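A.B. asks: Take this structure first; my questions come after.
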Amino acid sequence: MHLRNKLMGAVALMAVCVPALAHADTSDKRIALSNNYAGNSWRQAMLESWEKVASQAVEDGVVAAADAFTTSENQATEQAAQIQNMILQGYDAIVVNAASPTALNGAIAEACSAGIIVVSFDGIVTEPCAWRIAVDFKEMGRQQVEYLASRLPDGGNLLEIRGLAGVFVDDEIHAGIQAGVEEFDQFEIVGSVHGDWAQDVAQKAVAGVLPSLPEIVGVVTQGGDGYGAAQAIEAAGRDMPIIVMGNRQDEMQWWADARDADGYETLSLSIAPGVATLAFWVAQQVLDGAEVPKDLTVPFLTVTQDTLDEALASTPEGSVANVEYSLEDAKAVIAEAKQ
Amino acid sequence: MNGNYRILLPVLSLAVLMAAVFYLQPRAMSYFGLNLLFNLAVPIALATIAQMMIIMVNDIDLSVGTFVSFVACVTATFLNDAPLIGAAILAASILAYAGLGALIHMRQLPAIVVTLGMSFVWAGLAVLILPSPGGAAPAWIRTLMTVKPPLVPMAIVASVGIAALTHLLIMRSSTGTLLRGVGGNTRAVLRAGWSVTRLKAGAYALAGFFGVLSGMSLVGLTTSADANIALRYTLLSIAGVILGGGEFTGGRISPVGAVIGALTLALAGSFLSFMRLSPDWQIGAQGAILILVLAVRLVFSRRSARVEG
């Protein structure tokens with residue numbers, strides 16, 4: 001009798017504990033976000049996304065704490081000190097959007113040797129002990145041409161709008177577009193201007209180059225320049241080519257209006273500020289003991305004809321389409337990187 | 001008497017801040033913790049000493065930040081790949097500093113303008129040497145900056161060492177007395193038959209030398225460089241000198257105080273971050289700490305002036 005009671009008790013205890021163990025391995029872990037800059041709409045949206053997802057995760061008992069820190073000045077030495085403070089504060093994982101790919105390496109190496117998991121995203125770091133969630137800008141360029149090929153099998157002339165000259169991102173997207181044009185050789189880039197990722201600059205640049213161009217069937221862009229291009233082409237009285245957009249609110253608004261007027265169709269893609277939440281879940285997975293490759297790639301946030309209304313409704317004016325990632329998304333990204 | 005006051009206040013503010021940090025984060029009260037708190041203060045302390053050398057002769061150097069960045073870039077590239085060329089470049093940059101000092105005195109140029117101009121030169125050179133962040137710290141510097149001496153962490157040993165060395169050099173040696181004399185009463189030094197041009201060049205060369213040490217130690221901590229890595233050091237170094245009891249004129253400076261001032265500034269940042277203060281308020285709060293310390297100093301110096309008078 002006595003023994004049976006004890007056994008029953010043990011079984012009951014097991015029943016309570018086992019599921020908890022399987023789900024809440026990280027419930028006592030603390031994660032910190034080290035951010036170097038908060039002065040534009042993208043970063044503000046990023047911090048909001050983090051706040052939303054991380055506080056929910058804390059409430060659900062997935063992690064014990066998930067605090068966001070932003071340095072008061074956008075300086076690498078400042079952020080290195082911030083990371084060292086986080087080591088002292090005893091965080092188990094640090095998610096970092098770095099001010100410099102290299103200048104934080106010393107502090108990050110200190111964190112790693114203290115047994116802390118470091119996950120960098122967007123502004124990634126080169127220190128080998130950290131995880132990196134990088135943006136594949138090349139693929140972003142290539143996918144635009146791929147989409148145009150699916151819409152226009154016969155090909156034609158393209159106008160390319162580039163970003164700010166001399167910046168790494170501009171070179172990468174441009175290289176991706178070049179690769180795309182080589183792959184789908186029915187297309188030819190007949191003109192290229194610098195739009196500096198700004199609508200007004202793009203509008204002026206496109207308006208300037210248009211008179212010298214033959215008929216164009218598509219415009220490949222880098223984001224932030226699609227609306228300006230559309231304005232310039234409209235003003236010139238030309239047939240509207242397919243302009244690939246970059247998830248900005250004004251671009252999506254123009255696209256929705258054109259769709260309602262005459263059924264205009266295109267594609268929009270960019271990186272969502274919510275990538276911070278993807279980094280959060282990756283850090284949680286590493287803490288959970290999951291095997292995660294060191295180099296991961298951010299999925300693009302793609303807005304299509306079907307999701308346009310939804311994306312537009314959830315994007316505030318002057319901002320950029322955003323999405324918060326879930327644990328499942330993070331697992332999918334990890335699984336993809338393992339292949 | 002006055003000299004004692006001068007060092008008392010920085011020591012006191014550092015002690016108060018340290019007590020607050022230990023209270024907020026007891027983990028900091030360890031070998032490991034102290035090193036993490038202060039290791040990034042070592043290059044700041046060296047940059048502050050460099051600034052102090054300039055302030056000592058009544059000038060001010062607005063190019064410290066970009067100069068340290070430039071040195072960091074040279075250290076992570078040339079000094080690592082071709083040590084001889086790297087050392088030559090660094091030696092040449094110290095000579096350039098000496099030349100600037102001489103030029104500023106001979107042509108009676110305002111140092112604030114010349115060094116502001118030089119800050120663009122150093123920044124440009126840094127970008128030329130290292131267009132995109134990278135490079136690697138020479139192994140021996142990395143070893144030196146991560147060494148774990150027994151009992152006391154590297155950051156503390158280095159700070160005490162820097163303070164002691166510069167104290168001997170500036171406060172105890174005859175050269176140091178002369179250099180301070182240039183700031184105190186240039187004419188008297190001149191009448192006594194010394195070449196002020198040469199002395200000013202010497203002070204600037206010392207600033208260049210400590211700037212070089214600052215950049216090298218910074219790379220030793222970060223493992224690689226970035227052309228913008230130390231821009232903040234310009235203002236930090238000026239604040240450190242003043243916080244440490246130095247004054248903008250009259251050659252009244254304190255090397256020990258300057259090192260303590262630099263440590264206090266580094267600690268203030270950590271303190272505010274441990275307080276979980278919003279970043280929007282942090283810069284303001286850092287400024288408030290600075291003003292508070294200076295206000296206390298003013299009260300002290302007024303009182304002592306009244307007693308003496």
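The chains in the structure tokens are called A, B, ... from first to last as shown; in each chain the residues are counted from 1, and the ligands are counted from 1 in the order shown.
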If we count only C-alpha atoms, what is near Asn85 in chain A at a cut-off of 8 Å, once residues fewer than 6 positions away on the same chain are taken out, given as a PDB file with N, CA and C atoms, in the first residue's frame?
C.D. replies:
```pdb
ATOM      1  N   LEU B  36      36.438  43.328 -17.349  1.00  0.00           N
ATOM      2  CA  LEU B  36      35.423  43.669 -18.346  1.00  0.00           C
ATOM      3  C   LEU B  36      34.993  45.128 -18.211  1.00  0.00           C
ATOM      4  N   LEU B  37      34.905  45.610 -16.978  1.00  0.00           N
ATOM      5  CA  LEU B  37      34.474  46.991 -16.767  1.00  0.00           C
ATOM      6  C   LEU B  37      35.491  47.973 -17.306  1.00  0.00           C
ATOM      7  N   SER B 270      28.832  52.420 -18.086  1.00  0.00           N
ATOM      8  CA  SER B 270      28.374  51.127 -17.580  1.00  0.00           C
ATOM      9  C   SER B 270      27.307  51.317 -16.516  1.00  0.00           C
ATOM     10  N   SER B 273      24.045  52.069 -18.019  1.00  0.00           N
ATOM     11  CA  SER B 273      23.484  50.901 -18.684  1.00  0.00           C
ATOM     12  C   SER B 273      22.956  49.887 -17.664  1.00  0.00           C
ATOM     13  N   PHE B 274      23.643  49.737 -16.516  1.00  0.00           N
ATOM     14  CA  PHE B 274      23.153  48.851 -15.459  1.00  0.00           C
ATOM     15  C   PHE B 274      21.865  49.392 -14.848  1.00  0.00           C
TER      16      PHE B 274
END
```
A.B. asks: Identify all chain A residues at most 10 Å from chain B by counting only C-alpha atoms; ligands do not count. Present them as a ChimeraX atom specification.
C.D. replies: /A:37-38,67-78,80-90,99-110,114,126-127,168
A.B. asks: Excluding Ser120 in chain A and its own-chain neighbours fewer than 2 positions away, which residues fall within 10 Å of it when counting only C-alpha atoms? Please give them as a ChimeraX atom specification.
C.D. replies: /A:33-34,94-98,101,118,122-127,130-134,276,279-280,283,295
A.B. asks: Give me the residues near range 258-265 of chain A as an MDAnalysis selection string, where near means some atom within 8 Å (using only C-alpha atoms) and where sequence neighbours in that chain fewer than 3 positions away do not count.
C.D. replies: chainID A and resid 242 254:255 305
A.B. asks: At a cut-off of 8 Å, using only C-alpha atoms, what residues contact range 175-183 of chain B? Leave out same-chain residues fewer than 6 positions from it and give the result as a PyMOL selection string.
C.D. replies: chain B and resi 56-58+169+189+196+199-200+203+249-252
A.B. asks: Could you write out the selected residues, including N, CA and C atoms, as a PDB file, in the first residue's frame?
C.D. replies:
```
ATOM      1  N   MET B  56      48.334  70.767 -21.630  1.00  0.00           N
ATOM      2  CA  MET B  56      49.423  71.232 -20.766  1.00  0.00           C
ATOM      3  C   MET B  56      50.092  72.484 -21.329  1.00  0.00           C
ATOM      4  N   VAL B  57      50.188  72.569 -22.672  1.00  0.00           N
ATOM      5  CA  VAL B  57      50.826  73.742 -23.263  1.00  0.00           C
ATOM      6  C   VAL B  57      49.771  74.733 -23.777  1.00  0.00           C
ATOM      7  N   ASN B  58      48.612  74.741 -23.121  1.00  0.00           N
ATOM      8  CA  ASN B  58      47.535  75.702 -23.400  1.00  0.00           C
ATOM      9  C   ASN B  58      46.870  75.530 -24.759  1.00  0.00           C
ATOM     10  N   LEU B 169      57.094  61.267 -15.412  1.00  0.00           N
ATOM     11  CA  LEU B 169      57.568  62.017 -16.573  1.00  0.00           C
ATOM     12  C   LEU B 169      57.196  63.498 -16.485  1.00  0.00           C
ATOM     13  N   VAL B 189      59.669  81.068 -19.486  1.00  0.00           N
ATOM     14  CA  VAL B 189      60.473  79.960 -20.019  1.00  0.00           C
ATOM     15  C   VAL B 189      61.380  80.474 -21.132  1.00  0.00           C
ATOM     16  N   VAL B 196      61.050  77.601 -26.870  1.00  0.00           N
ATOM     17  CA  VAL B 196      59.653  77.201 -26.679  1.00  0.00           C
ATOM     18  C   VAL B 196      59.179  76.358 -27.857  1.00  0.00           C
ATOM     19  N   LEU B 199      60.174  72.927 -27.164  1.00  0.00           N
ATOM     20  CA  LEU B 199      59.393  72.347 -26.072  1.00  0.00           C
ATOM     21  C   LEU B 199      57.974  71.991 -26.524  1.00  0.00           C
ATOM     22  N   LYS B 200      57.385  72.901 -27.313  1.00  0.00           N
ATOM     23  CA  LYS B 200      56.025  72.623 -27.805  1.00  0.00           C
ATOM     24  C   LYS B 200      56.031  71.411 -28.728  1.00  0.00           C
ATOM     25  N   ALA B 203      56.059  68.448 -26.551  1.00  0.00           N
ATOM     26  CA  ALA B 203      54.758  68.129 -25.958  1.00  0.00           C
ATOM     27  C   ALA B 203      53.855  67.455 -26.974  1.00  0.00           C
ATOM     28  N   THR B 249      43.946  76.096 -19.112  1.00  0.00           N
ATOM     29  CA  THR B 249      45.079  77.015 -19.246  1.00  0.00           C
ATOM     30  C   THR B 249      45.988  76.901 -18.026  1.00  0.00           C
ATOM     31  N   GLY B 250      47.204  77.399 -18.202  1.00  0.00           N
ATOM     32  CA  GLY B 250      48.105  77.530 -17.074  1.00  0.00           C
ATOM     33  C   GLY B 250      48.944  76.302 -16.796  1.00  0.00           C
ATOM     34  N   GLY B 251      48.887  75.319 -17.681  1.00  0.00           N
ATOM     35  CA  GLY B 251      49.720  74.133 -17.471  1.00  0.00           C
ATOM     36  C   GLY B 251      49.342  73.365 -16.226  1.00  0.00           C
ATOM     37  N   ARG B 252      48.132  73.597 -15.712  1.00  0.00           N
ATOM     38  CA  ARG B 252      47.715  72.894 -14.505  1.00  0.00           C
ATOM     39  C   ARG B 252      47.014  71.602 -14.886  1.00  0.00           C
TER      40      ARG B 252
END
```
A.B. asks: For range 75-177 of chain A against range 221-228 of chain A, with a cut-off of 9 Å and counting only C-alpha atoms, what is the closest atom pair and its distance in Å to one decimal for every residue that makes the cut, ordered by chain and number, as a tab-separated table?
C.D. replies:
```
residue	atom	partner	partner_atom	distance
A:Met140	CA	A:Gln222	CA	8.6
A:Gly141	CA	A:Gln222	CA	7.7
A:Gln144	CA	A:Thr221	CA	8.3
A:Leu159	CA	A:Thr221	CA	8.6
A:Glu160	CA	A:Thr221	CA	6.1
A:Ile161	CA	A:Thr221	CA	4.9
A:Arg162	CA	A:Gln222	CA	6.2
A:Gly163	CA	A:Gln222	CA	6.3
A:Asp170	CA	A:Gln222	CA	7.7
A:Ile173	CA	A:Gln222	CA	7.0
A:His174	CA	A:Gln222	CA	8.6
```
A.B. asks: Could you pull out the alpha helix (DSSP H) residues of range 131-205 of chain A, going by DSSP on the backbone, and write them as a PDB file with N, CA, C and O atoms, in the first residue's frame?
C.D. replies:
```
ATOM      1  N   PHE A 137      21.820  39.814 -50.487  1.00  0.00           N
ATOM      2  CA  PHE A 137      21.396  40.885 -51.384  1.00  0.00           C
ATOM      3  C   PHE A 137      21.495  40.453 -52.848  1.00  0.00           C
ATOM      4  O   PHE A 137      20.716  40.881 -53.681  1.00  0.00           O
ATOM      5  N   LYS A 138      22.470  39.609 -53.155  1.00  0.00           N
ATOM      6  CA  LYS A 138      22.649  39.144 -54.527  1.00  0.00           C
ATOM      7  C   LYS A 138      21.393  38.438 -55.011  1.00  0.00           C
ATOM      8  O   LYS A 138      20.883  38.695 -56.100  1.00  0.00           O
ATOM      9  N   GLU A 139      20.905  37.546 -54.131  1.00  0.00           N
ATOM     10  CA  GLU A 139      19.706  36.791 -54.467  1.00  0.00           C
ATOM     11  C   GLU A 139      18.521  37.734 -54.668  1.00  0.00           C
ATOM     12  O   GLU A 139      17.656  37.502 -55.504  1.00  0.00           O
ATOM     13  N   MET A 140      18.520  38.822 -53.893  1.00  0.00           N
ATOM     14  CA  MET A 140      17.442  39.796 -54.000  1.00  0.00           C
ATOM     15  C   MET A 140      17.412  40.392 -55.404  1.00  0.00           C
ATOM     16  O   MET A 140      16.336  40.608 -55.973  1.00  0.00           O
ATOM     17  N   GLY A 141      18.599  40.652 -55.962  1.00  0.00           N
ATOM     18  CA  GLY A 141      18.665  41.183 -57.322  1.00  0.00           C
ATOM     19  C   GLY A 141      18.259  40.131 -58.342  1.00  0.00           C
ATOM     20  O   GLY A 141      17.497  40.395 -59.280  1.00  0.00           O
ATOM     21  N   ARG A 142      18.759  38.914 -58.150  1.00  0.00           N
ATOM     22  CA  ARG A 142      18.496  37.847 -59.114  1.00  0.00           C
ATOM     23  C   ARG A 142      17.007  37.508 -59.188  1.00  0.00           C
ATOM     24  O   ARG A 142      16.444  37.305 -60.258  1.00  0.00           O
ATOM     25  N   GLN A 143      16.366  37.475 -57.999  1.00  0.00           N
ATOM     26  CA  GLN A 143      14.955  37.111 -57.968  1.00  0.00           C
ATOM     27  C   GLN A 143      14.073  38.078 -58.751  1.00  0.00           C
ATOM     28  O   GLN A 143      13.047  37.686 -59.294  1.00  0.00           O
ATOM     29  N   GLN A 144      14.488  39.348 -58.798  1.00  0.00           N
ATOM     30  CA  GLN A 144      13.698  40.336 -59.538  1.00  0.00           C
ATOM     31  C   GLN A 144      13.637  39.957 -61.012  1.00  0.00           C
ATOM     32  O   GLN A 144      12.580  39.968 -61.636  1.00  0.00           O
ATOM     33  N   VAL A 145      14.820  39.602 -61.565  1.00  0.00           N
ATOM     34  CA  VAL A 145      14.873  39.254 -62.986  1.00  0.00           C
ATOM     35  C   VAL A 145      14.107  37.953 -63.214  1.00  0.00           C
ATOM     36  O   VAL A 145      13.413  37.788 -64.228  1.00  0.00           O
ATOM     37  N   GLU A 146      14.211  37.038 -62.252  1.00  0.00           N
ATOM     38  CA  GLU A 146      13.496  35.773 -62.370  1.00  0.00           C
ATOM     39  C   GLU A 146      11.995  36.009 -62.455  1.00  0.00           C
ATOM     40  O   GLU A 146      11.293  35.413 -63.275  1.00  0.00           O
ATOM     41  N   TYR A 147      11.528  36.934 -61.598  1.00  0.00           N
ATOM     42  CA  TYR A 147      10.103  37.234 -61.611  1.00  0.00           C
ATOM     43  C   TYR A 147       9.695  37.837 -62.957  1.00  0.00           C
ATOM     44  O   TYR A 147       8.689  37.446 -63.550  1.00  0.00           O
ATOM     45  N   LEU A 148      10.508  38.774 -63.447  1.00  0.00           N
ATOM     46  CA  LEU A 148      10.202  39.410 -64.732  1.00  0.00           C
ATOM     47  C   LEU A 148      10.162  38.363 -65.842  1.00  0.00           C
ATOM     48  O   LEU A 148       9.317  38.418 -66.740  1.00  0.00           O
ATOM     49  N   ALA A 149      11.061  37.367 -65.768  1.00  0.00           N
ATOM     50  CA  ALA A 149      11.102  36.312 -66.784  1.00  0.00           C
ATOM     51  C   ALA A 149       9.816  35.498 -66.745  1.00  0.00           C
ATOM     52  O   ALA A 149       9.319  35.040 -67.786  1.00  0.00           O
ATOM     53  N   SER A 150       9.269  35.311 -65.534  1.00  0.00           N
ATOM     54  CA  SER A 150       8.038  34.527 -65.443  1.00  0.00           C
ATOM     55  C   SER A 150       6.860  35.318 -66.005  1.00  0.00           C
ATOM     56  O   SER A 150       5.899  34.746 -66.496  1.00  0.00           O
ATOM     57  N   ARG A 151       6.942  36.644 -65.924  1.00  0.00           N
ATOM     58  CA  ARG A 151       5.849  37.459 -66.439  1.00  0.00           C
ATOM     59  C   ARG A 151       6.012  37.728 -67.939  1.00  0.00           C
ATOM     60  O   ARG A 151       5.035  37.829 -68.672  1.00  0.00           O
ATOM     61  N   PHE A 168      28.376  48.870 -50.199  1.00  0.00           N
ATOM     62  CA  PHE A 168      28.420  47.427 -50.364  1.00  0.00           C
ATOM     63  C   PHE A 168      27.090  46.846 -50.861  1.00  0.00           C
ATOM     64  O   PHE A 168      27.045  46.037 -51.784  1.00  0.00           O
ATOM     65  N   VAL A 169      25.989  47.302 -50.248  1.00  0.00           N
ATOM     66  CA  VAL A 169      24.666  46.769 -50.596  1.00  0.00           C
ATOM     67  C   VAL A 169      24.359  47.021 -52.071  1.00  0.00           C
ATOM     68  O   VAL A 169      23.831  46.146 -52.767  1.00  0.00           O
ATOM     69  N   ASP A 170      24.695  48.202 -52.553  1.00  0.00           N
ATOM     70  CA  ASP A 170      24.441  48.539 -53.955  1.00  0.00           C
ATOM     71  C   ASP A 170      25.197  47.600 -54.884  1.00  0.00           C
ATOM     72  O   ASP A 170      24.645  47.074 -55.847  1.00  0.00           O
ATOM     73  N   ASP A 171      26.457  47.366 -54.584  1.00  0.00           N
ATOM     74  CA  ASP A 171      27.268  46.467 -55.415  1.00  0.00           C
ATOM     75  C   ASP A 171      26.677  45.068 -55.445  1.00  0.00           C
ATOM     76  O   ASP A 171      26.634  44.415 -56.487  1.00  0.00           O
ATOM     77  N   GLU A 172      26.226  44.605 -54.277  1.00  0.00           N
ATOM     78  CA  GLU A 172      25.719  43.237 -54.176  1.00  0.00           C
ATOM     79  C   GLU A 172      24.434  43.055 -54.990  1.00  0.00           C
ATOM     80  O   GLU A 172      24.308  42.107 -55.754  1.00  0.00           O
ATOM     81  N   ILE A 173      23.474  43.976 -54.808  1.00  0.00           N
ATOM     82  CA  ILE A 173      22.206  43.842 -55.532  1.00  0.00           C
ATOM     83  C   ILE A 173      22.465  43.953 -57.029  1.00  0.00           C
ATOM     84  O   ILE A 173      21.906  43.204 -57.827  1.00  0.00           O
ATOM     85  N   HIS A 174      23.356  44.877 -57.400  1.00  0.00           N
ATOM     86  CA  HIS A 174      23.693  45.053 -58.812  1.00  0.00           C
ATOM     87  C   HIS A 174      24.278  43.766 -59.388  1.00  0.00           C
ATOM     88  O   HIS A 174      23.897  43.338 -60.484  1.00  0.00           O
ATOM     89  N   ALA A 175      25.182  43.146 -58.614  1.00  0.00           N
ATOM     90  CA  ALA A 175      25.791  41.887 -59.090  1.00  0.00           C
ATOM     91  C   ALA A 175      24.717  40.821 -59.269  1.00  0.00           C
ATOM     92  O   ALA A 175      24.756  40.027 -60.227  1.00  0.00           O
ATOM     93  N   GLY A 176      23.736  40.805 -58.360  1.00  0.00           N
ATOM     94  CA  GLY A 176      22.657  39.834 -58.464  1.00  0.00           C
ATOM     95  C   GLY A 176      21.824  40.062 -59.712  1.00  0.00           C
ATOM     96  O   GLY A 176      21.428  39.109 -60.401  1.00  0.00           O
ATOM     97  N   ILE A 177      21.566  41.330 -60.034  1.00  0.00           N
ATOM     98  CA  ILE A 177      20.781  41.648 -61.232  1.00  0.00           C
ATOM     99  C   ILE A 177      21.559  41.238 -62.482  1.00  0.00           C
ATOM    100  O   ILE A 177      21.014  40.640 -63.409  1.00  0.00           O
ATOM    101  N   GLN A 178      22.875  41.503 -62.462  1.00  0.00           N
ATOM    102  CA  GLN A 178      23.735  41.084 -63.587  1.00  0.00           C
ATOM    103  C   GLN A 178      23.633  39.574 -63.791  1.00  0.00           C
ATOM    104  O   GLN A 178      23.471  39.089 -64.909  1.00  0.00           O
ATOM    105  N   ALA A 179      23.718  38.842 -62.669  1.00  0.00           N
ATOM    106  CA  ALA A 179      23.652  37.381 -62.756  1.00  0.00           C
ATOM    107  C   ALA A 179      22.301  36.954 -63.308  1.00  0.00           C
ATOM    108  O   ALA A 179      22.205  36.020 -64.109  1.00  0.00           O
ATOM    109  N   GLY A 180      21.231  37.665 -62.882  1.00  0.00           N
ATOM    110  CA  GLY A 180      19.897  37.344 -63.354  1.00  0.00           C
ATOM    111  C   GLY A 180      19.764  37.555 -64.851  1.00  0.00           C
ATOM    112  O   GLY A 180      19.168  36.744 -65.566  1.00  0.00           O
ATOM    113  N   VAL A 181      20.347  38.651 -65.337  1.00  0.00           N
ATOM    114  CA  VAL A 181      20.245  38.955 -66.764  1.00  0.00           C
ATOM    115  C   VAL A 181      21.038  37.938 -67.591  1.00  0.00           C
ATOM    116  O   VAL A 181      20.665  37.587 -68.703  1.00  0.00           O
ATOM    117  N   GLU A 182      22.139  37.448 -67.010  1.00  0.00           N
ATOM    118  CA  GLU A 182      22.897  36.412 -67.714  1.00  0.00           C
ATOM    119  C   GLU A 182      22.104  35.115 -67.794  1.00  0.00           C
ATOM    120  O   GLU A 182      22.112  34.410 -68.796  1.00  0.00           O
ATOM    121  N   GLU A 183      21.392  34.834 -66.691  1.00  0.00           N
ATOM    122  CA  GLU A 183      20.616  33.599 -66.626  1.00  0.00           C
ATOM    123  C   GLU A 183      19.427  33.668 -67.590  1.00  0.00           C
ATOM    124  O   GLU A 183      19.141  32.703 -68.292  1.00  0.00           O
ATOM    125  N   GLN A 199      12.938  58.167 -53.081  1.00  0.00           N
ATOM    126  CA  GLN A 199      11.954  58.362 -54.152  1.00  0.00           C
ATOM    127  C   GLN A 199      12.253  59.601 -54.985  1.00  0.00           C
ATOM    128  O   GLN A 199      12.180  59.564 -56.213  1.00  0.00           O
ATOM    129  N   ASP A 200      12.590  60.718 -54.336  1.00  0.00           N
ATOM    130  CA  ASP A 200      12.780  61.964 -55.089  1.00  0.00           C
ATOM    131  C   ASP A 200      13.999  61.898 -55.991  1.00  0.00           C
ATOM    132  O   ASP A 200      13.967  62.345 -57.139  1.00  0.00           O
ATOM    133  N   VAL A 201      15.090  61.298 -55.470  1.00  0.00           N
ATOM    134  CA  VAL A 201      16.312  61.163 -56.280  1.00  0.00           C
ATOM    135  C   VAL A 201      16.033  60.266 -57.474  1.00  0.00           C
ATOM    136  O   VAL A 201      16.415  60.558 -58.616  1.00  0.00           O
ATOM    137  N   ALA A 202      15.328  59.149 -57.202  1.00  0.00           N
ATOM    138  CA  ALA A 202      15.028  58.197 -58.279  1.00  0.00           C
ATOM    139  C   ALA A 202      14.173  58.851 -59.353  1.00  0.00           C
ATOM    140  O   ALA A 202      14.414  58.661 -60.548  1.00  0.00           O
ATOM    141  N   GLN A 203      13.185  59.645 -58.928  1.00  0.00           N
ATOM    142  CA  GLN A 203      12.284  60.285 -59.898  1.00  0.00           C
ATOM    143  C   GLN A 203      13.070  61.196 -60.832  1.00  0.00           C
ATOM    144  O   GLN A 203      12.913  61.156 -62.048  1.00  0.00           O
ATOM    145  N   LYS A 204      13.949  62.009 -60.251  1.00  0.00           N
ATOM    146  CA  LYS A 204      14.752  62.936 -61.057  1.00  0.00           C
ATOM    147  C   LYS A 204      15.652  62.176 -62.028  1.00  0.00           C
ATOM    148  O   LYS A 204      15.739  62.493 -63.202  1.00  0.00           O
ATOM    149  N   ALA A 205      16.304  61.127 -61.489  1.00  0.00           N
ATOM    150  CA  ALA A 205      17.255  60.379 -62.307  1.00  0.00           C
ATOM    151  C   ALA A 205      16.550  59.682 -63.462  1.00  0.00           C
ATOM    152  O   ALA A 205      17.023  59.707 -64.607  1.00  0.00           O
TER     153      ALA A 205
END
```
A.B. asks: Work out how far CA of Ala50 in chain B is from CA of Met216 in chain B, in Å to one decimal.
C.D. replies: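 So the answer is 13.6 Å.
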A.B. asks: What lies within 12 Å of Leu265 in chain B using only C-alpha atoms, ignoring chain neighbours under 6 positions off, as a ChimeraX atom specification?
C.D. replies: /A:78,81 /B:10,13-14,17-18,37-38,40-42,44-45,48,232-233,235-244,258-259,271-272,283,285-290,293
A.B. asks: Find the residues near Trp281 in chain A: any atom within 9 Å, counting only C-alpha atoms, skip ones fewer than 2 places away on the same chain, and give them as a compact mmCIF listing (two decimals) with C-alpha atoms, in the first residue's frame.
C.D. replies:
```txt
# COMPACT_ATOMS: atom_id res chain seq x y z
CA ALA A 276 15.43 40.91 -35.07
CA THR A 277 12.76 38.48 -33.87
CA LEU A 278 14.17 35.78 -36.13
CA ALA A 279 17.51 36.33 -34.41
CA ALA A 283 19.31 32.41 -30.06
CA GLN A 284 16.56 30.58 -28.16
CA GLN A 285 17.10 27.50 -30.33
CA VAL A 286 20.85 27.53 -29.71
CA TYR A 325 8.97 35.80 -37.12
CA SER A 326 7.87 32.81 -35.06
CA LEU A 327 9.74 29.87 -33.61
CA GLU A 328 8.57 27.78 -36.59
CA ASP A 329 10.02 30.31 -39.05
CA ALA A 330 13.35 30.15 -37.23
CA LYS A 331 13.31 26.35 -37.35
```
A.B. asks: With distances taken over only C-alpha atoms, which residue among B:Ala111, B:Leu213, B:Val16, B:Ile7 lies nearest Thr264 in chain B?
C.D. replies: B:Val16
